[in-house]
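Participant: Structure provided below as structure tokens; questions to follow.
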Amino acid sequence: MGLTMSRDELDGKAPEIFCKIVLYLKTAMVHEVLLQLNKLSIGSIKSHLDPFNKEFIYVSFAEVYYEQYWDIDDALTEMFSKVEPHFSHICSIIDNFKCHSLIDIAVCVYETYPALLFSGKNMKKIHSLNADISIDPYYYGSCDNLIDKNTSQCDAEV
């Protein structure tokens with residue numbers, strides 16, 4: 001994947017979507033939160049300190065790593081399927097440890113964009129987590145549709 005793909009390679013290439021559940025909590029509580037999460041069969045759990053405030057830490061899990069989808073909701077459905085049997089326990093952890101929760105989404109767009117659909121089922125889960133949603137789009141397509149015909153540079157920021 002890169003900026004040197006030809007127009008033919010980009011044509012029809014499905015967007016790649018990354019998403020994960022992120023908890024933001026006080027560093028002093030991370031040991032207990034990780035202990036609780038590790039009791040669940042939810043796959044890989046990652047944590048790292050907030051680089052701007054060492055009193056807080058990020059814990060993430062249920063990651064979907066840049067898979068091709070035509071619809072953001074399909075990626076969210078895959079992400080939530082990784083924690084489905086333990087969803088109520090995760091909600092309890094968030095409440096008990098006063099975690100801030102976030103659904104972190106990144107979309108790599110080539111020449112076509114995914115549908116920005118959030119189904120009611122996935123919205124209920126996001127609401128149950130009391131989560132914010134962050135969506136970061138990245139454009140790797142051709143600048144042909146953005147080029148001013150009088151110049152050779154893209155005039156629009158992507």
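To be explicit about the labels: the chains of the structure tokens are called A, B, and onward in the order shown, and within each one the residues are counted from 1, while ligands get numbers from 1 in the order they are shown.
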With only C-alpha atoms as the counted atoms, please give the residues lying no more than 8 Å from region 49-63 of chain A, apart from itself and same-chain residues fewer than 6 positions off, as a CSV table (one decimal) with N, CA and C atoms, in the first residue's frame.
Facilitator:
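Result file selection-v4.csv:
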```csv
chain,number,residue,atom,x,y,z
A,18,PHE,N,-9.6,0.2,10.0
A,18,PHE,CA,-9.1,-0.2,11.3
A,18,PHE,C,-10.0,0.3,12.4
A,19,CYS,N,-10.3,-0.5,13.4
A,19,CYS,CA,-11.1,-0.1,14.5
A,19,CYS,C,-10.8,-0.9,15.7
A,20,LYS,N,-11.0,-0.3,16.9
A,20,LYS,CA,-10.7,-1.0,18.2
A,20,LYS,C,-11.5,-0.2,19.3
A,21,ILE,N,-11.6,-0.9,20.4
A,21,ILE,CA,-12.2,-0.4,21.6
A,21,ILE,C,-11.1,0.1,22.4
A,22,VAL,N,-11.2,1.4,22.9
A,22,VAL,CA,-10.1,2.0,23.7
A,22,VAL,C,-10.8,2.4,25.1
A,23,LEU,N,-10.1,2.1,26.2
A,23,LEU,CA,-10.4,2.6,27.5
A,23,LEU,C,-9.4,3.5,27.9
A,24,TYR,N,-9.7,4.7,28.5
A,24,TYR,CA,-8.8,5.6,29.0
A,24,TYR,C,-9.1,5.7,30.5
A,25,LEU,N,-8.0,5.5,31.3
A,25,LEU,CA,-8.2,5.4,32.8
A,25,LEU,C,-7.0,5.9,33.5
A,26,LYS,N,-7.2,6.1,34.8
A,26,LYS,CA,-6.1,6.5,35.7
A,26,LYS,C,-5.1,5.3,35.7
A,27,THR,N,-3.8,5.7,35.6
A,27,THR,CA,-2.7,4.7,35.6
A,27,THR,C,-2.7,3.8,36.9
A,28,ALA,N,-3.2,4.4,38.0
A,28,ALA,CA,-3.2,3.7,39.3
A,28,ALA,C,-4.2,2.5,39.2
A,30,VAL,N,-4.8,0.7,36.4
A,30,VAL,CA,-4.6,-0.2,35.2
A,30,VAL,C,-4.4,-1.7,35.6
A,42,ILE,N,-10.8,-12.2,25.0
A,42,ILE,CA,-11.1,-11.2,24.1
A,42,ILE,C,-9.9,-10.9,23.2
A,43,GLY,N,-8.9,-11.8,23.2
A,43,GLY,CA,-7.8,-11.6,22.3
A,43,GLY,C,-6.7,-10.6,22.9
A,79,MET,N,-15.5,-6.1,14.9
A,79,MET,CA,-14.9,-5.7,16.2
A,79,MET,C,-15.7,-6.2,17.4
A,80,PHE,N,-17.0,-5.9,17.4
A,80,PHE,CA,-17.8,-6.3,18.5
A,80,PHE,C,-18.0,-7.8,18.6
A,82,LYS,N,-15.7,-9.9,18.5
A,82,LYS,CA,-14.5,-10.4,19.3
A,82,LYS,C,-14.8,-10.3,20.8
A,83,VAL,N,-15.7,-9.5,21.2
A,83,VAL,CA,-16.0,-9.4,22.7
A,83,VAL,C,-17.4,-9.7,23.0
```
Participant: Pick out the residues sitting within 8 Å of Ile72 (chain A), and hand them over as a PyMOL selection string; count only C-alpha atoms, and ignore anything fewer than 6 positions along from it in its own chain.
Facilitator: chain A and resi 17+114-118
Participant: Pick out the closest residue to Lys39 (chain A) from this set: A:Ser134, A:Val107, A:Ile93, A:Tyr140. Count only C-alpha atoms.
Facilitator: A:Ile93
Participant: What is the CA of Asp74 (chain A)-CA of Ser119 (chain A) distance in Å, reported with one decimal?
Facilitator: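 Straight-line distance from CA of Asp74 (chain A) to CA of Ser119 (chain A) works out to 9.3 Å.
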Participant: So the first atom is CA of Ser92 (chain A) and the second is CA of Lys46 (chain A); what is the distance between them in Å, to one decimal place?
Facilitator: 19.2 Å
Participant: What is the distance between CA of Ser44 (chain A) and CA of Cys91 (chain A), in Å to one decimal?
Facilitator: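 Between these atoms lies a distance of 18.0 Å.
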Participant: Among region 33-153 of chain A, which ones does DSSP assign to strand (DSSP E or B) (computed from the backbone)? Answer as a PDB file with N, CA and C atoms, in the first residue's frame.
Facilitator:
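Contents of out19.pdb, freshly written:
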```pdb
ATOM      1  N   ILE A  45      -4.691  -7.563  24.210  1.00  0.00           N
ATOM      2  CA  ILE A  45      -4.985  -6.333  24.950  1.00  0.00           C
ATOM      3  C   ILE A  45      -3.694  -5.535  24.987  1.00  0.00           C
ATOM      4  N   LYS A  46      -3.776  -4.284  24.547  1.00  0.00           N
ATOM      5  CA  LYS A  46      -2.586  -3.427  24.514  1.00  0.00           C
ATOM      6  C   LYS A  46      -2.793  -2.246  25.447  1.00  0.00           C
ATOM      7  N   SER A  47      -1.691  -1.759  26.010  1.00  0.00           N
ATOM      8  CA  SER A  47      -1.790  -0.571  26.859  1.00  0.00           C
ATOM      9  C   SER A  47      -0.572   0.307  26.637  1.00  0.00           C
ATOM     10  N   HIS A  48      -0.784   1.620  26.760  1.00  0.00           N
ATOM     11  CA  HIS A  48       0.335   2.563  26.712  1.00  0.00           C
ATOM     12  C   HIS A  48      -0.048   3.846  27.443  1.00  0.00           C
ATOM     13  N   LEU A  49       0.963   4.449  28.044  1.00  0.00           N
ATOM     14  CA  LEU A  49       0.757   5.685  28.787  1.00  0.00           C
ATOM     15  C   LEU A  49       0.342   6.817  27.876  1.00  0.00           C
ATOM     16  N   PHE A  56      -2.521   8.950  33.287  1.00  0.00           N
ATOM     17  CA  PHE A  56      -3.553   8.208  32.560  1.00  0.00           C
ATOM     18  C   PHE A  56      -2.923   7.252  31.557  1.00  0.00           C
ATOM     19  N   ILE A  57      -3.679   6.214  31.232  1.00  0.00           N
ATOM     20  CA  ILE A  57      -3.200   5.174  30.325  1.00  0.00           C
ATOM     21  C   ILE A  57      -4.331   4.761  29.384  1.00  0.00           C
ATOM     22  N   TYR A  58      -3.951   4.335  28.198  1.00  0.00           N
ATOM     23  CA  TYR A  58      -4.887   3.802  27.216  1.00  0.00           C
ATOM     24  C   TYR A  58      -4.789   2.284  27.223  1.00  0.00           C
ATOM     25  N   VAL A  59      -5.931   1.613  27.203  1.00  0.00           N
ATOM     26  CA  VAL A  59      -5.991   0.164  27.086  1.00  0.00           C
ATOM     27  C   VAL A  59      -6.898  -0.125  25.890  1.00  0.00           C
ATOM     28  N   SER A  60      -6.418  -0.930  24.941  1.00  0.00           N
ATOM     29  CA  SER A  60      -7.220  -1.197  23.743  1.00  0.00           C
ATOM     30  C   SER A  60      -7.315  -2.694  23.466  1.00  0.00           C
ATOM     31  N   PHE A  61      -8.410  -3.070  22.804  1.00  0.00           N
ATOM     32  CA  PHE A  61      -8.661  -4.484  22.491  1.00  0.00           C
ATOM     33  C   PHE A  61      -9.715  -4.575  21.400  1.00  0.00           C
ATOM     34  N   ALA A  62      -9.993  -5.781  20.945  1.00  0.00           N
ATOM     35  CA  ALA A  62     -10.984  -6.078  19.894  1.00  0.00           C
ATOM     36  C   ALA A  62     -10.612  -5.386  18.579  1.00  0.00           C
ATOM     37  N   GLU A  63      -9.354  -5.362  18.281  1.00  0.00           N
ATOM     38  CA  GLU A  63      -8.846  -4.632  17.115  1.00  0.00           C
ATOM     39  C   GLU A  63      -9.123  -5.352  15.798  1.00  0.00           C
ATOM     40  N   VAL A  64      -9.609  -4.584  14.841  1.00  0.00           N
ATOM     41  CA  VAL A  64      -9.721  -5.016  13.445  1.00  0.00           C
ATOM     42  C   VAL A  64      -8.646  -4.211  12.724  1.00  0.00           C
ATOM     43  N   TYR A  65      -7.685  -4.894  12.111  1.00  0.00           N
ATOM     44  CA  TYR A  65      -6.501  -4.220  11.596  1.00  0.00           C
ATOM     45  C   TYR A  65      -6.533  -4.057  10.076  1.00  0.00           C
ATOM     46  N   TYR A  66      -6.945  -2.902   9.608  1.00  0.00           N
ATOM     47  CA  TYR A  66      -6.938  -2.506   8.203  1.00  0.00           C
ATOM     48  C   TYR A  66      -7.411  -3.617   7.259  1.00  0.00           C
ATOM     49  N   GLU A  67      -8.621  -4.055   7.501  1.00  0.00           N
ATOM     50  CA  GLU A  67      -9.248  -5.042   6.622  1.00  0.00           C
ATOM     51  C   GLU A  67     -10.140  -4.310   5.626  1.00  0.00           C
ATOM     52  N   GLN A  68     -10.324  -4.915   4.459  1.00  0.00           N
ATOM     53  CA  GLN A  68     -11.119  -4.271   3.414  1.00  0.00           C
ATOM     54  C   GLN A  68     -12.612  -4.460   3.676  1.00  0.00           C
ATOM     55  N   ASP A  71     -18.166  -0.931   4.038  1.00  0.00           N
ATOM     56  CA  ASP A  71     -19.100  -0.356   4.993  1.00  0.00           C
ATOM     57  C   ASP A  71     -18.454  -0.339   6.378  1.00  0.00           C
ATOM     58  N   HIS A 100     -13.061   6.128  30.589  1.00  0.00           N
ATOM     59  CA  HIS A 100     -13.616   6.821  29.432  1.00  0.00           C
ATOM     60  C   HIS A 100     -13.446   5.850  28.264  1.00  0.00           C
ATOM     61  N   SER A 101     -14.471   5.621  27.471  1.00  0.00           N
ATOM     62  CA  SER A 101     -14.356   4.659  26.376  1.00  0.00           C
ATOM     63  C   SER A 101     -14.489   5.359  25.030  1.00  0.00           C
ATOM     64  N   LEU A 102     -13.856   4.759  24.055  1.00  0.00           N
ATOM     65  CA  LEU A 102     -13.782   5.329  22.708  1.00  0.00           C
ATOM     66  C   LEU A 102     -13.777   4.210  21.692  1.00  0.00           C
ATOM     67  N   ILE A 103     -14.501   4.407  20.605  1.00  0.00           N
ATOM     68  CA  ILE A 103     -14.381   3.532  19.445  1.00  0.00           C
ATOM     69  C   ILE A 103     -13.478   4.285  18.477  1.00  0.00           C
ATOM     70  N   ASP A 104     -12.292   3.766  18.268  1.00  0.00           N
ATOM     71  CA  ASP A 104     -11.285   4.414  17.420  1.00  0.00           C
ATOM     72  C   ASP A 104     -11.335   3.769  16.038  1.00  0.00           C
ATOM     73  N   ILE A 105     -11.584   4.592  15.024  1.00  0.00           N
ATOM     74  CA  ILE A 105     -11.728   4.100  13.651  1.00  0.00           C
ATOM     75  C   ILE A 105     -10.792   4.886  12.742  1.00  0.00           C
ATOM     76  N   ALA A 106     -10.072   4.178  11.889  1.00  0.00           N
ATOM     77  CA  ALA A 106      -9.280   4.814  10.833  1.00  0.00           C
ATOM     78  C   ALA A 106      -9.696   4.174   9.520  1.00  0.00           C
ATOM     79  N   VAL A 107      -9.866   5.016   8.509  1.00  0.00           N
ATOM     80  CA  VAL A 107     -10.301   4.539   7.200  1.00  0.00           C
ATOM     81  C   VAL A 107      -9.274   4.963   6.164  1.00  0.00           C
ATOM     82  N   CYS A 108      -8.680   4.002   5.477  1.00  0.00           N
ATOM     83  CA  CYS A 108      -7.763   4.288   4.374  1.00  0.00           C
ATOM     84  C   CYS A 108      -8.575   4.201   3.086  1.00  0.00           C
ATOM     85  N   VAL A 109      -8.699   5.337   2.440  1.00  0.00           N
ATOM     86  CA  VAL A 109      -9.517   5.450   1.239  1.00  0.00           C
ATOM     87  C   VAL A 109      -8.606   5.535   0.034  1.00  0.00           C
ATOM     88  N   ALA A 115     -19.282   3.184   2.999  1.00  0.00           N
ATOM     89  CA  ALA A 115     -20.531   3.723   3.526  1.00  0.00           C
ATOM     90  C   ALA A 115     -20.308   4.060   4.995  1.00  0.00           C
ATOM     91  N   ALA A 131     -19.445   5.173  24.849  1.00  0.00           N
ATOM     92  CA  ALA A 131     -18.224   5.485  24.102  1.00  0.00           C
ATOM     93  C   ALA A 131     -18.395   6.662  23.156  1.00  0.00           C
ATOM     94  N   ASP A 132     -17.317   7.414  23.020  1.00  0.00           N
ATOM     95  CA  ASP A 132     -17.215   8.398  21.953  1.00  0.00           C
ATOM     96  C   ASP A 132     -16.762   7.658  20.701  1.00  0.00           C
ATOM     97  N   ILE A 133     -16.877   8.309  19.563  1.00  0.00           N
ATOM     98  CA  ILE A 133     -16.423   7.732  18.296  1.00  0.00           C
ATOM     99  C   ILE A 133     -15.421   8.687  17.670  1.00  0.00           C
ATOM    100  N   SER A 134     -14.262   8.147  17.280  1.00  0.00           N
ATOM    101  CA  SER A 134     -13.248   8.931  16.574  1.00  0.00           C
ATOM    102  C   SER A 134     -13.038   8.281  15.207  1.00  0.00           C
ATOM    103  N   ILE A 135     -13.169   9.071  14.137  1.00  0.00           N
ATOM    104  CA  ILE A 135     -12.959   8.551  12.788  1.00  0.00           C
ATOM    105  C   ILE A 135     -11.884   9.396  12.113  1.00  0.00           C
ATOM    106  N   ASP A 136     -10.795   8.746  11.725  1.00  0.00           N
ATOM    107  CA  ASP A 136      -9.700   9.409  11.021  1.00  0.00           C
ATOM    108  C   ASP A 136      -9.636   8.882   9.598  1.00  0.00           C
ATOM    109  N   PRO A 137      -9.928   9.725   8.597  1.00  0.00           N
ATOM    110  CA  PRO A 137      -9.825   9.278   7.197  1.00  0.00           C
ATOM    111  C   PRO A 137      -8.436   9.573   6.631  1.00  0.00           C
ATOM    112  N   TYR A 138      -7.937   8.661   5.833  1.00  0.00           N
ATOM    113  CA  TYR A 138      -6.656   8.831   5.135  1.00  0.00           C
ATOM    114  C   TYR A 138      -6.892   8.537   3.665  1.00  0.00           C
ATOM    115  N   TYR A 139      -6.479   9.443   2.809  1.00  0.00           N
ATOM    116  CA  TYR A 139      -6.727   9.306   1.377  1.00  0.00           C
ATOM    117  C   TYR A 139      -5.445   8.923   0.657  1.00  0.00           C
ATOM    118  N   ILE A 147      -6.925  18.123  -8.914  1.00  0.00           N
ATOM    119  CA  ILE A 147      -5.928  18.974  -9.547  1.00  0.00           C
ATOM    120  C   ILE A 147      -6.582  20.115 -10.304  1.00  0.00           C
TER     121      ILE A 147
END
```
Participant: For Leu37 (chain A), which of A:Glu78, A:Asp73, A:Ile90, A:Glu16 is the closest residue, counting only C-alpha atoms?
Facilitator: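 For Leu37 (chain A), the nearest of the given residues is A:Ile90.
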Participant: From a backbone DSSP assignment, name each residue in region 69-122 of chain A labelled helix (DSSP H, G or I), as a count of residues only.
Facilitator: 26
